[in-house]
>>> print(open('target00.csv').read())   # CSV, C-alpha atoms
chain,number,residue,atom,x,y,z
T,1,MET,CA,124.5,42.7,82.4
T,2,LYS,CA,127.2,44.3,80.2
T,3,HIS,CA,127.9,48.0,80.7
T,4,LEU,CA,126.3,50.4,78.1
T,5,PRO,CA,128.7,52.0,75.7
T,6,LYS,CA,129.6,55.4,77.0
T,7,HIS,CA,127.7,57.5,74.5
T,8,LEU,CA,124.4,55.7,75.5
T,9,ARG,CA,124.8,56.0,79.3
T,10,GLN,CA,122.4,58.3,81.1
T,11,ARG,CA,123.9,61.7,81.9
T,12,TRP,CA,123.3,63.2,85.4
T,13,ARG,CA,123.9,66.3,87.3
T,14,TYR,CA,124.0,66.4,91.1
T,15,LEU,CA,122.4,69.3,93.0
T,16,ALA,CA,123.8,70.2,96.4
T,17,VAL,CA,120.7,71.1,98.5
T,18,ALA,CA,120.8,73.0,101.9
T,19,LEU,CA,117.9,72.1,104.2
T,20,GLU,CA,116.6,74.0,107.2
T,21,SER,CA,113.8,73.5,109.7
T,22,TRP,CA,112.8,74.1,113.3
T,23,PRO,CA,115.3,72.5,115.8
T,24,GLU,CA,113.2,69.7,117.1
T,25,THR,CA,112.3,68.4,113.6
T,26,ASP,CA,113.6,65.0,112.6
T,27,LEU,CA,113.9,64.4,108.9
T,28,THR,CA,114.9,61.2,107.2
T,29,ARG,CA,116.2,60.5,103.7
T,30,ARG,CA,113.2,58.4,103.0
T,31,ALA,CA,110.7,61.1,104.0
T,32,PHE,CA,112.5,63.7,102.0
T,33,GLN,CA,112.7,61.4,98.9
T,34,ARG,CA,108.9,60.7,99.2
T,35,GLU,CA,108.1,64.4,99.5
T,36,LEU,CA,110.4,65.2,96.5
T,37,TRP,CA,108.5,62.7,94.3
T,38,THR,CA,105.2,64.0,95.4
T,39,ALA,CA,106.3,67.6,94.7
T,40,ALA,CA,107.6,66.5,91.2
T,41,ARG,CA,104.4,64.7,90.4
T,42,ASN,CA,102.3,67.7,91.5
T,43,LEU,CA,104.3,70.2,89.6
T,44,VAL,CA,105.4,68.5,86.4
T,45,GLY,CA,103.3,65.3,86.3
T,46,ASP,CA,104.3,61.7,85.7
T,47,THR,CA,106.0,62.4,82.4
T,48,GLY,CA,108.0,65.3,83.8
T,49,SER,CA,108.9,63.2,86.9
T,50,ALA,CA,110.3,60.5,84.7
T,51,GLU,CA,112.2,63.0,82.7
T,52,ALA,CA,113.8,64.7,85.7
T,53,ASP,CA,114.2,61.4,87.6
T,54,LEU,CA,115.0,63.0,90.9
T,55,THR,CA,116.8,60.8,93.4
T,56,VAL,CA,118.2,61.7,96.8
T,57,TYR,CA,121.8,60.5,97.2
T,58,SER,CA,123.4,61.5,100.4
T,59,PHE,CA,121.3,63.0,103.2
T,60,ALA,CA,122.1,64.4,106.6
T,61,PHE,CA,120.0,66.3,109.0
T,62,GLU,CA,120.5,67.3,112.6
T,63,ASP,CA,119.4,70.1,114.9
T,64,GLY,CA,117.2,71.8,112.3
T,65,THR,CA,119.8,72.0,109.6
T,66,GLY,CA,121.2,69.6,107.0
T,67,HIS,CA,122.0,68.9,103.4
T,68,ALA,CA,121.3,66.5,100.6
T,69,VAL,CA,122.6,65.6,97.2
T,70,VAL,CA,119.9,65.2,94.6
T,71,ARG,CA,120.5,63.5,91.3
T,72,VAL,CA,118.7,64.9,88.2
T,73,ARG,CA,119.0,64.2,84.5
T,74,ARG,CA,121.5,66.5,82.9
T,75,ASP,CA,119.2,68.6,80.7
T,76,GLU,CA,116.6,68.9,83.5
T,77,VAL,CA,118.5,70.9,86.1
T,78,SER,CA,116.0,73.8,85.9
T,79,ARG,CA,113.1,71.5,86.3
T,80,GLY,CA,114.8,69.8,89.3
T,81,ARG,CA,115.4,73.2,90.8
T,82,ALA,CA,111.7,74.1,90.4
T,83,VAL,CA,110.5,70.9,92.0
T,84,LEU,CA,112.9,71.4,95.0
T,85,ALA,CA,111.6,74.9,95.5
T,86,CYS,CA,108.1,73.4,95.8
T,87,VAL,CA,109.0,71.1,98.6
T,88,ASP,CA,107.6,73.2,101.4
T,89,SER,CA,107.2,70.6,104.1
T,90,VAL,CA,108.4,67.1,105.0
T,91,ASP,CA,106.1,65.0,107.2
T,92,GLY,CA,104.2,68.2,107.9
T,93,HIS,CA,107.2,70.0,109.2
T,94,PRO,CA,108.0,73.2,107.2
T,95,VAL,CA,111.4,73.1,105.5
T,96,GLY,CA,113.5,75.7,103.8
T,97,VAL,CA,115.2,74.3,100.7
T,98,ARG,CA,117.9,75.9,98.6
T,99,VAL,CA,120.1,74.6,95.8
T,100,THR,CA,123.7,75.7,96.7
T,101,GLY,CA,125.4,74.3,93.7
T,102,VAL,CA,125.4,71.9,90.7
T,103,SER,CA,128.1,69.4,89.9
T,104,GLY,CA,128.8,66.6,87.4
T,105,THR,CA,129.8,64.0,90.1
T,106,VAL,CA,128.6,63.3,93.6
T,107,ARG,CA,132.1,63.7,94.9
T,108,ALA,CA,132.6,67.1,93.5
T,109,CYS,CA,129.2,68.1,94.7
T,110,GLU,CA,130.0,67.2,98.3
T,111,GLU,CA,133.5,68.6,98.3
T,112,LYS,CA,132.6,71.9,96.7
T,113,TYR,CA,129.2,72.8,98.0
T,114,ILE,CA,128.5,71.0,101.2
T,115,ARG,CA,130.2,72.5,104.2
T,116,GLY,CA,132.3,70.2,106.3
T,117,PRO,CA,132.4,71.3,110.0
T,118,GLU,CA,129.0,71.6,111.6
T,119,ILE,CA,128.2,74.7,113.5
T,120,PRO,CA,127.7,73.8,117.2
T,121,THR,CA,124.2,74.4,118.6
T,122,GLU,CA,123.3,75.1,122.2
T,123,GLU,CA,120.1,75.5,124.1
T,124,ARG,CA,119.7,78.4,126.4
T,125,TYR,CA,117.3,81.1,127.6
T,126,VAL,CA,117.2,84.3,125.6
T,127,ALA,CA,115.2,87.5,125.9
T,128,LEU,CA,113.1,87.6,122.8
T,129,ALA,CA,109.9,89.4,121.8
T,130,GLY,CA,109.3,90.7,125.3
T,131,SER,CA,110.1,87.7,127.5
T,132,GLU,CA,112.6,85.0,128.4
T,133,ARG,CA,112.3,82.1,126.1
T,134,ARG,CA,114.1,78.8,125.8
T,135,ALA,CA,115.8,78.7,122.4
T,136,VAL,CA,118.2,76.8,120.2
T,137,VAL,CA,121.1,79.0,119.2
T,138,ARG,CA,123.2,78.1,116.2
T,139,SER,CA,125.8,80.7,115.4
T,140,GLU,CA,123.8,83.9,114.8
T,141,ARG,CA,120.5,82.0,114.3
T,142,VAL,CA,118.1,81.7,117.2
T,143,ASP,CA,115.0,79.5,117.1
T,144,ALA,CA,112.5,79.7,119.9
T,145,ARG,CA,109.1,78.4,120.7
T,146,VAL,CA,106.4,81.1,121.0
T,147,GLY,CA,103.0,79.8,122.2
T,148,ASP,CA,102.0,77.0,119.8
T,149,GLY,CA,104.3,78.2,117.0
T,150,HIS,CA,107.9,79.0,116.4
T,151,LEU,CA,109.9,82.1,116.0
T,152,GLY,CA,113.0,82.4,113.9
T,153,ALA,CA,115.3,85.2,115.0
T,154,THR,CA,119.0,86.2,115.1
T,155,ASP,CA,121.2,87.4,117.9
T,156,LEU,CA,120.4,90.9,116.8
T,157,ASP,CA,116.8,90.4,118.1
T,158,CYS,CA,118.0,89.2,121.6
T,159,GLU,CA,118.3,92.0,124.1
C,1,MET,CA,116.8,91.4,93.5
C,2,TYR,CA,114.4,92.0,96.4
C,3,GLU,CA,111.7,90.0,98.0
C,4,GLY,CA,108.6,91.2,99.9
C,5,VAL,CA,108.3,89.4,103.3
C,6,HIS,CA,106.0,89.2,106.3
C,7,ALA,CA,107.9,89.3,109.5
C,8,HIS,CA,107.0,88.5,113.1
C,9,PRO,CA,104.3,89.1,114.4
C,10,ASP,CA,102.8,88.8,110.9
C,11,GLY,CA,105.0,85.7,110.3
C,12,GLU,CA,107.2,83.2,112.0
C,13,ALA,CA,110.6,84.9,111.6
C,14,THR,CA,111.9,88.3,112.7
C,15,VAL,CA,113.0,90.9,110.2
C,16,ALA,CA,116.6,90.1,111.1
C,17,ARG,CA,116.2,86.4,110.4
C,18,HIS,CA,114.5,87.2,107.1
C,19,ALA,CA,117.4,89.5,106.2
C,20,LEU,CA,120.0,86.9,107.2
C,21,THR,CA,118.4,84.2,105.1
C,22,ALA,CA,117.8,86.5,102.2
C,23,ALA,CA,121.5,87.5,102.2
C,24,ASP,CA,122.4,83.8,102.2
C,25,TYR,CA,120.1,83.1,99.3
C,26,GLY,CA,121.5,85.9,97.1
C,27,TYR,CA,118.9,88.6,97.5
C,28,ASP,CA,120.1,92.2,97.6
C,29,GLY,CA,117.2,93.3,99.9
C,30,VAL,CA,114.0,92.6,101.6
C,31,VAL,CA,110.8,94.7,101.8
C,32,VAL,CA,109.1,94.3,105.1
C,33,ARG,CA,105.4,94.4,104.3
C,34,ASN,CA,103.5,93.3,107.4
C,35,HIS,CA,99.8,93.7,107.5
C,36,GLY,CA,98.3,96.9,109.1
C,37,GLY,CA,97.8,95.9,112.7
C,38,ARG,CA,100.8,93.6,113.0
C,39,GLN,CA,103.8,95.9,112.7
C,40,ALA,CA,107.3,94.6,113.6
C,41,ASP,CA,109.5,96.4,116.0
C,42,TYR,CA,112.9,96.8,114.2
C,43,ASP,CA,115.5,99.2,113.1
C,44,PRO,CA,116.0,98.9,109.3
C,45,GLU,CA,119.4,100.5,109.4
C,46,ALA,CA,120.7,98.2,112.1
C,47,VAL,CA,119.5,95.1,110.3
C,48,THR,CA,120.9,96.4,107.0
C,49,ASN,CA,124.3,96.9,108.6
C,50,ALA,CA,124.3,93.6,110.5
C,51,HIS,CA,123.3,91.3,107.6
C,52,ASP,CA,124.5,93.2,104.6
C,53,VAL,CA,121.2,93.2,102.8
C,54,ASP,CA,119.0,96.3,102.2
C,55,VAL,CA,115.9,96.4,104.5
C,56,VAL,CA,113.0,98.5,103.2
C,57,ALA,CA,110.3,99.6,105.6
C,58,GLY,CA,107.0,98.9,104.0
C,59,ILE,CA,103.5,98.1,105.0
C,60,GLU,CA,100.6,96.1,103.5
C,61,LEU,CA,97.3,97.9,104.2
C,62,ARG,CA,94.2,95.8,104.6
C,63,SER,CA,90.6,97.0,104.8
C,64,ASP,CA,87.4,96.4,102.9
C,65,ASP,CA,86.4,100.0,103.2
C,66,ARG,CA,87.6,102.5,100.6
C,67,SER,CA,87.5,105.6,102.7
C,68,GLN,CA,89.3,103.8,105.5
C,69,LEU,CA,92.0,102.6,103.1
C,70,SER,CA,92.3,106.1,101.8
C,71,GLU,CA,93.0,107.4,105.3
C,72,LEU,CA,95.5,104.7,105.9
C,73,VAL,CA,97.4,105.4,102.6
C,74,LYS,CA,97.6,109.1,103.5
C,75,ARG,CA,98.8,108.3,107.0
C,76,TYR,CA,101.5,105.8,106.0
C,77,ARG,CA,102.8,107.4,102.8
C,78,GLU,CA,105.1,109.8,104.6
C,79,GLU,CA,106.1,107.2,107.2
C,80,ARG,CA,107.1,104.2,105.1
C,81,THR,CA,109.2,103.7,102.0
C,82,LEU,CA,106.8,101.3,100.4
C,83,VAL,CA,103.0,101.2,100.6
C,84,CYS,CA,101.2,98.1,99.5
C,85,VAL,CA,97.5,97.4,99.5
C,86,HIS,CA,96.2,93.9,100.4
C,87,GLY,CA,94.2,93.1,97.2
C,88,GLY,CA,91.8,90.3,96.4
C,89,ASP,CA,88.5,92.2,96.3
C,90,SER,CA,87.2,94.1,93.3
C,91,GLU,CA,86.5,97.3,95.2
C,92,VAL,CA,89.9,97.3,96.9
C,93,ASN,CA,91.7,96.4,93.6
C,94,ARG,CA,90.0,99.3,91.9
C,95,PHE,CA,90.8,101.7,94.7
C,96,ALA,CA,94.5,100.7,94.7
C,97,CYS,CA,94.9,101.0,90.9
C,98,GLU,CA,93.4,104.5,91.0
C,99,GLU,CA,95.5,105.8,93.8
C,100,PRO,CA,99.0,107.2,92.8
C,101,ARG,CA,100.2,107.1,96.4
C,102,VAL,CA,100.0,103.3,96.4
C,103,ASP,CA,103.2,101.5,95.3
C,104,VAL,CA,102.1,97.9,95.0
C,105,LEU,CA,98.7,96.1,94.8
C,106,ALA,CA,99.5,92.8,96.4
C,107,HIS,CA,98.0,89.5,95.1
C,108,PRO,CA,95.1,91.2,93.2
C,109,MET,CA,93.7,87.8,92.0
C,110,ARG,CA,93.4,86.2,95.4
C,111,ALA,CA,90.0,85.1,96.6
C,112,ASP,CA,87.3,86.7,94.3
C,113,GLY,CA,89.6,89.5,93.2
C,114,ASP,CA,90.0,90.2,89.5
C,115,VAL,CA,91.9,92.5,87.2
C,116,ASN,CA,90.6,93.8,83.8
C,117,HIS,CA,91.8,96.1,81.1
C,118,VAL,CA,90.4,99.2,82.9
C,119,LEU,CA,92.3,98.5,86.1
C,120,ALA,CA,95.5,97.6,84.2
C,121,ARG,CA,95.4,100.9,82.4
C,122,ALA,CA,94.6,102.8,85.6
C,123,ALA,CA,97.5,101.0,87.4
C,124,LYS,CA,99.9,102.0,84.6
C,125,ARG,CA,98.8,105.6,84.6
C,126,ASN,CA,99.2,105.9,88.4
C,127,GLY,CA,102.4,103.8,88.6
C,128,VAL,CA,100.9,101.1,90.8
C,129,ARG,CA,102.7,97.8,90.5
C,130,LEU,CA,100.6,94.7,90.3
C,131,GLU,CA,102.0,91.8,92.3
C,132,PHE,CA,102.4,88.2,90.9
C,133,ASP,CA,102.1,86.2,94.1
C,134,PHE,CA,103.8,82.8,93.6
C,135,GLY,CA,103.1,81.7,97.3
C,136,PRO,CA,100.2,79.4,96.4
C,137,VAL,CA,102.4,77.9,93.6
C,138,LEU,CA,105.2,77.2,96.0
C,139,ARG,CA,103.2,76.0,99.0
C,140,GLY,CA,99.8,74.9,97.6
C,141,ASP,CA,98.7,71.9,95.7
C,142,GLY,CA,95.7,70.5,93.9
C,143,GLY,CA,92.8,72.8,92.9
C,144,ARG,CA,94.1,75.7,94.9
C,145,ARG,CA,97.4,75.7,93.0
C,146,VAL,CA,95.7,75.2,89.6
C,147,ARG,CA,93.5,78.2,90.2
C,148,ALA,CA,96.4,80.3,91.3
C,149,LEU,CA,98.4,79.4,88.2
C,150,ARG,CA,95.4,80.1,86.0
C,151,ASP,CA,94.9,83.5,87.5
C,152,LEU,CA,98.7,84.3,87.2
C,153,ARG,CA,98.6,83.5,83.5
C,154,LYS,CA,95.5,85.7,83.0
C,155,LEU,CA,97.1,88.5,84.9
C,156,ARG,CA,100.3,88.2,82.9
C,157,ASP,CA,98.4,88.4,79.6
C,158,ILE,CA,96.7,91.6,80.7
C,159,VAL,CA,99.8,93.1,82.2
C,160,ASP,CA,101.9,92.4,79.1
C,161,HIS,CA,99.4,93.9,76.8
C,162,TYR,CA,99.1,97.2,78.6
C,163,GLU,CA,102.7,97.3,79.8
C,164,THR,CA,101.5,97.7,83.4
C,165,PRO,CA,104.4,97.7,85.9
C,166,TYR,CA,104.6,94.5,88.1
C,167,VAL,CA,106.5,92.9,90.9
C,168,VAL,CA,107.1,89.2,91.5
C,169,SER,CA,107.2,87.6,95.0
C,170,GLY,CA,107.0,84.3,96.8
C,171,ASN,CA,105.2,86.0,99.6
C,172,PRO,CA,107.1,84.3,102.5
C,173,ALA,CA,106.0,84.5,106.1
C,174,SER,CA,109.0,82.8,107.5
C,175,HIS,CA,112.7,82.2,106.6
C,176,LEU,CA,111.6,78.6,105.8
C,177,ASP,CA,109.1,79.9,103.2
C,178,LEU,CA,111.8,82.0,101.5
C,179,ARG,CA,113.1,80.6,98.2
C,180,ALA,CA,116.2,81.8,96.4
C,181,PRO,CA,115.8,84.0,93.2
C,182,ARG,CA,117.0,81.2,90.9
C,183,GLU,CA,114.5,78.7,92.4
C,184,LEU,CA,111.7,81.2,92.1
C,185,VAL,CA,112.6,81.8,88.4
C,186,ALA,CA,112.8,78.1,87.8
C,187,VAL,CA,109.3,77.6,89.2
C,188,GLY,CA,108.0,80.5,87.0
C,189,GLU,CA,109.7,78.9,84.0
C,190,GLN,CA,107.8,75.6,84.7
C,191,ALA,CA,104.6,77.6,84.9
C,192,GLY,CA,105.3,79.2,81.5
C,193,PHE,CA,106.8,82.5,82.6
C,194,ASP,CA,109.9,83.8,80.8
C,195,PRO,CA,113.0,83.7,83.2
C,196,GLU,CA,114.0,87.3,82.3
C,197,TRP,CA,110.5,88.4,82.9
C,198,MET,CA,110.5,86.9,86.4
C,199,ARG,CA,113.9,88.5,87.2
C,200,GLU,CA,112.5,91.9,86.1
C,201,GLY,CA,109.6,91.4,88.6
C,202,LEU,CA,112.1,90.7,91.4
C,203,ARG,CA,114.2,93.8,90.5
C,204,GLU,CA,111.2,96.0,90.4
C,205,TRP,CA,111.0,96.1,94.2
C,206,GLU,CA,114.5,97.5,94.2
C,207,ARG,CA,113.7,100.2,91.7
C,208,LEU,CA,110.6,101.2,93.6
C,209,ALA,CA,112.5,101.5,96.9
C,210,ALA,CA,115.2,103.6,95.3
C,211,ARG,CA,112.7,105.9,93.6
C,212,ASN,CA,110.7,106.4,96.8
C,213,ARG,CA,113.9,107.1,98.8
C,214,GLU,CA,114.9,109.7,96.3
C,215,ARG,CA,111.5,111.3,96.5
C,216,VAL,CA,111.7,111.9,100.2
C,217,SER,CA,115.3,113.2,100.0
C,218,GLU,CA,115.7,116.9,100.4
C,219,SER,CA,117.0,117.7,96.9
C,220,PHE,CA,113.8,116.3,95.3
C,221,ILE,CA,111.2,118.9,94.1
C,222,GLU,CA,109.0,116.9,91.7
C,223,PRO,CA,109.6,114.2,89.1
C,224,GLY,CA,112.4,115.5,86.8
C,225,VAL,CA,113.2,118.5,89.0
C,226,ARG,CA,115.8,118.5,91.8
C,227,VAL,CA,118.1,120.8,93.7
C,228,GLU,CA,121.7,120.5,92.4
C,229,GLU,CA,124.7,121.4,94.4
C,230,ASP,CA,126.3,124.4,92.6
C,231,GLU,CA,130.0,123.7,92.4
C,232,THR,CA,131.0,127.0,90.7
C,233,ASP,CA,129.4,129.0,93.5
C,234,GLY,CA,131.7,131.2,95.6
>>> encode(input="target00.csv", output="structure tokens")
Amino acid sequence: MKHLPKHLRQRWRYLAVALESWPETDLTRRAFQRELWTAARNLVGDTGSAEADLTVYSFAFEDGTGHAVVRVRRDEVSRGRAVLACVDSVDGHPVGVRVTGVSGTVRACEEKYIRGPEIPTEERYVALAGSERRAVVRSERVDARVGDGHLGATDLDCE
Amino acid sequence: MYEGVHAHPDGEATVARHALTAADYGYDGVVVRNHGGRQADYDPEAVTNAHDVDVVAGIELRSDDRSQLSELVKRYREERTLVCVHGGDSEVNRFACEEPRVDVLAHPMRADGDVNHVLARAAKRNGVRLEFDFGPVLRGDGGRRVRALRDLRKLRDIVDHYETPYVVSGNPASHLDLRAPRELVAVGEQAGFDPEWMREGLREWERLAARNRERVSESFIEPGVRVEEDETDG
């Protein structure tokens, strides 16, 4: 089909999204996209979902941290932000979601707001909350298992 | 802007992790408001210095019994910068609104709790902030979320009419629950709350903390009266 004339083309904005979860969590683009659509439908309904038209573009997630680029219609950035804020878990794993920036192109979005070099992670024993625990350490962030749950800490908490 | 958080052992992240994430997200401070029996072991000053975000020592008192709550408020008023009461019960809501030593009545609409014009006026008179808890909006769905939104709307109508002071919070129990101020404002906007109104609610925590810190400082006598250093002396 022939391209639309420029003034009739859909206008987009690209949201840089930072993701965080517990270290053993494995997230996929597909699961995140599904969760995003569910969140949109629950928060703004079918009409709102169509208006915002949220689509996950690039996606990367490893060792409990990652990022995504989410496309949203140009005038609906605020709605897109609200929907992203309501994504509280993916496949039952709790996730932290934050919009780090907004751009007019995918490329600018990735270059400007998505950090290049990954921070190395290591697994070791730390003294946390009164006992030795196996934890995943990423820069100053320390994630440990405590009983059935998790504990997020920083190197300030480790004696 | 500040956020009121629940830290380990009342949540899944330590005070330091909350502070680190909050600093990342653009908050100026966090108020640690663990429930009564689950106090965190931390040094507010050390965390403040390490993560460049103000850490306010608070507490959220929880009890069904008025006289016991009264005892608790008396005990912790001196010790903590911010004293909240775990709302959601008509008796408890009423107690908190009528007690000037209470700073914040947390989630007054939770469970079968309710707020009416009498409580709103009492809260204003005693300087008690009513909390707008966006936790169920961020993390709930279906009927639970609808009810939470309905209650928030009702509470806003009352609070706006009587100009009762209020705070806004996402009520996070871990660093993963925490949402940046702009995200919280965007969610509020979708739910029909004015963005500036939301921001005011997030700033109110900060003003409360500053006021209470001034009150315990040595130069403070009573509201409007303070000891000034006399520069012309000697």
>>> closest_residue(input="target00.csv", among="T:Val106, T:Ala52, T:Val97, T:Leu128", to="chain C", atoms="all atoms listed in the file")
T:Val97
>>> interface_residues(input="target00.csv", of="chain T", to="chain C", cutoff="8 Å", atoms="all atoms listed in the file", output="number ranges by chain")
T: 20-21, 42, 44, 78-79, 81-88, 94-99, 141, 149-154, 156-157
>>> residues_around(input="target00.csv", residues="Thr55 in chain T", least_positions_apart="3", cutoff="7 Å", atoms="only C-alpha atoms", output="ChimeraX atom specification")
/T:33,70-72
>>> atom_distance(input="target00.csv", atom1="CA of Leu155 in chain C", atom2="CA of Met109 in chain C")
7.9 Å
>>> atom_distance(input="target00.csv", atom1="CA of Val69 in chain T", atom2="CA of Val56 in chain T")
5.9 Å
>>> atom_distance(input="target00.csv", atom1="CA of Glu3 in chain C", atom2="CA of Glu79 in chain C")
20.3 Å
>>> residues_around(input="target00.csv", residues="range 59-65 of chain T", least_positions_apart="6", cutoff="10 Å", atoms="all atoms listed in the file", output="PyMOL selection string")
chain T and resi 17-30+32-33+95-96+118-122+136+138+143
>>> residues_around(input="target00.csv", residues="Arg66 in chain C", least_positions_apart="2", cutoff="9 Å", atoms="all atoms listed in the file", output="list of chain:residue names")
C:Ser63, C:Asp64, C:Gln68, C:Leu69, C:Ser70, C:Glu71, C:Glu91, C:Val92, C:Phe95
>>> build_atoms(input="target00.csv", residues="range 177-202 of chain C", atoms="N, CA and C atoms", output="PDB file, in the coordinates of the input")
ATOM      1  N   ASP C 177     109.923  79.674 104.408  1.00  0.00           N
ATOM      2  CA  ASP C 177     109.100  79.900 103.200  1.00  0.00           C
ATOM      3  C   ASP C 177     109.936  80.520 102.077  1.00  0.00           C
ATOM      4  N   LEU C 178     110.980  81.214 102.472  1.00  0.00           N
ATOM      5  CA  LEU C 178     111.800  82.000 101.500  1.00  0.00           C
ATOM      6  C   LEU C 178     112.436  81.030 100.495  1.00  0.00           C
ATOM      7  N   ARG C 179     112.438  81.413  99.218  1.00  0.00           N
ATOM      8  CA  ARG C 179     113.100  80.600  98.200  1.00  0.00           C
ATOM      9  C   ARG C 179     114.087  81.572  97.454  1.00  0.00           C
ATOM     10  N   ALA C 180     115.222  81.021  97.045  1.00  0.00           N
ATOM     11  CA  ALA C 180     116.200  81.800  96.400  1.00  0.00           C
ATOM     12  C   ALA C 180     115.712  82.314  95.009  1.00  0.00           C
ATOM     13  N   PRO C 181     116.255  83.437  94.494  1.00  0.00           N
ATOM     14  CA  PRO C 181     115.800  84.000  93.200  1.00  0.00           C
ATOM     15  C   PRO C 181     115.804  82.936  92.092  1.00  0.00           C
ATOM     16  N   ARG C 182     116.877  82.158  92.022  1.00  0.00           N
ATOM     17  CA  ARG C 182     117.000  81.200  90.900  1.00  0.00           C
ATOM     18  C   ARG C 182     115.901  80.125  91.005  1.00  0.00           C
ATOM     19  N   GLU C 183     115.569  79.724  92.234  1.00  0.00           N
ATOM     20  CA  GLU C 183     114.500  78.700  92.400  1.00  0.00           C
ATOM     21  C   GLU C 183     113.160  79.304  91.997  1.00  0.00           C
ATOM     22  N   LEU C 184     112.938  80.558  92.402  1.00  0.00           N
ATOM     23  CA  LEU C 184     111.700  81.200  92.100  1.00  0.00           C
ATOM     24  C   LEU C 184     111.540  81.342  90.544  1.00  0.00           C
ATOM     25  N   VAL C 185     112.646  81.698  89.896  1.00  0.00           N
ATOM     26  CA  VAL C 185     112.600  81.800  88.400  1.00  0.00           C
ATOM     27  C   VAL C 185     112.382  80.478  87.783  1.00  0.00           C
ATOM     28  N   ALA C 186     112.984  79.409  88.353  1.00  0.00           N
ATOM     29  CA  ALA C 186     112.800  78.100  87.800  1.00  0.00           C
ATOM     30  C   ALA C 186     111.326  77.641  87.908  1.00  0.00           C
ATOM     31  N   VAL C 187     110.694  77.954  89.035  1.00  0.00           N
ATOM     32  CA  VAL C 187     109.300  77.600  89.200  1.00  0.00           C
ATOM     33  C   VAL C 187     108.444  78.383  88.180  1.00  0.00           C
ATOM     34  N   GLY C 188     108.760  79.668  88.010  1.00  0.00           N
ATOM     35  CA  GLY C 188     108.000  80.500  87.000  1.00  0.00           C
ATOM     36  C   GLY C 188     108.201  79.895  85.628  1.00  0.00           C
ATOM     37  N   GLU C 189     109.414  79.432  85.335  1.00  0.00           N
ATOM     38  CA  GLU C 189     109.700  78.900  84.000  1.00  0.00           C
ATOM     39  C   GLU C 189     108.825  77.627  83.775  1.00  0.00           C
ATOM     40  N   GLN C 190     108.691  76.794  84.804  1.00  0.00           N
ATOM     41  CA  GLN C 190     107.800  75.600  84.700  1.00  0.00           C
ATOM     42  C   GLN C 190     106.388  75.995  84.437  1.00  0.00           C
ATOM     43  N   ALA C 191     105.997  77.153  84.997  1.00  0.00           N
ATOM     44  CA  ALA C 191     104.600  77.600  84.900  1.00  0.00           C
ATOM     45  C   ALA C 191     104.399  78.405  83.595  1.00  0.00           C
ATOM     46  N   GLY C 192     105.439  78.515  82.758  1.00  0.00           N
ATOM     47  CA  GLY C 192     105.300  79.200  81.500  1.00  0.00           C
ATOM     48  C   GLY C 192     105.648  80.670  81.486  1.00  0.00           C
ATOM     49  N   PHE C 193     106.384  81.104  82.523  1.00  0.00           N
ATOM     50  CA  PHE C 193     106.800  82.500  82.600  1.00  0.00           C
ATOM     51  C   PHE C 193     108.273  82.589  82.103  1.00  0.00           C
ATOM     52  N   ASP C 194     108.570  83.619  81.334  1.00  0.00           N
ATOM     53  CA  ASP C 194     109.900  83.800  80.800  1.00  0.00           C
ATOM     54  C   ASP C 194     110.869  84.111  81.999  1.00  0.00           C
ATOM     55  N   PRO C 195     112.058  83.478  82.047  1.00  0.00           N
ATOM     56  CA  PRO C 195     113.000  83.700  83.200  1.00  0.00           C
ATOM     57  C   PRO C 195     113.334  85.184  83.349  1.00  0.00           C
ATOM     58  N   GLU C 196     113.622  85.866  82.232  1.00  0.00           N
ATOM     59  CA  GLU C 196     114.000  87.300  82.300  1.00  0.00           C
ATOM     60  C   GLU C 196     112.845  88.126  82.843  1.00  0.00           C
ATOM     61  N   TRP C 197     111.659  87.747  82.449  1.00  0.00           N
ATOM     62  CA  TRP C 197     110.500  88.400  82.900  1.00  0.00           C
ATOM     63  C   TRP C 197     110.311  88.309  84.423  1.00  0.00           C
ATOM     64  N   MET C 198     110.588  87.112  84.933  1.00  0.00           N
ATOM     65  CA  MET C 198     110.500  86.900  86.400  1.00  0.00           C
ATOM     66  C   MET C 198     111.563  87.724  87.114  1.00  0.00           C
ATOM     67  N   ARG C 199     112.787  87.740  86.550  1.00  0.00           N
ATOM     68  CA  ARG C 199     113.900  88.500  87.200  1.00  0.00           C
ATOM     69  C   ARG C 199     113.509  89.988  87.245  1.00  0.00           C
ATOM     70  N   GLU C 200     112.918  90.486  86.160  1.00  0.00           N
ATOM     71  CA  GLU C 200     112.500  91.900  86.100  1.00  0.00           C
ATOM     72  C   GLU C 200     111.534  92.191  87.280  1.00  0.00           C
ATOM     73  N   GLY C 201     110.624  91.258  87.523  1.00  0.00           N
ATOM     74  CA  GLY C 201     109.600  91.400  88.600  1.00  0.00           C
ATOM     75  C   GLY C 201     110.292  91.479  89.969  1.00  0.00           C
ATOM     76  N   LEU C 202     111.389  90.724  90.130  1.00  0.00           N
ATOM     77  CA  LEU C 202     112.100  90.700  91.400  1.00  0.00           C
ATOM     78  C   LEU C 202     112.935  92.010  91.564  1.00  0.00           C
TER      79      LEU C 202
END
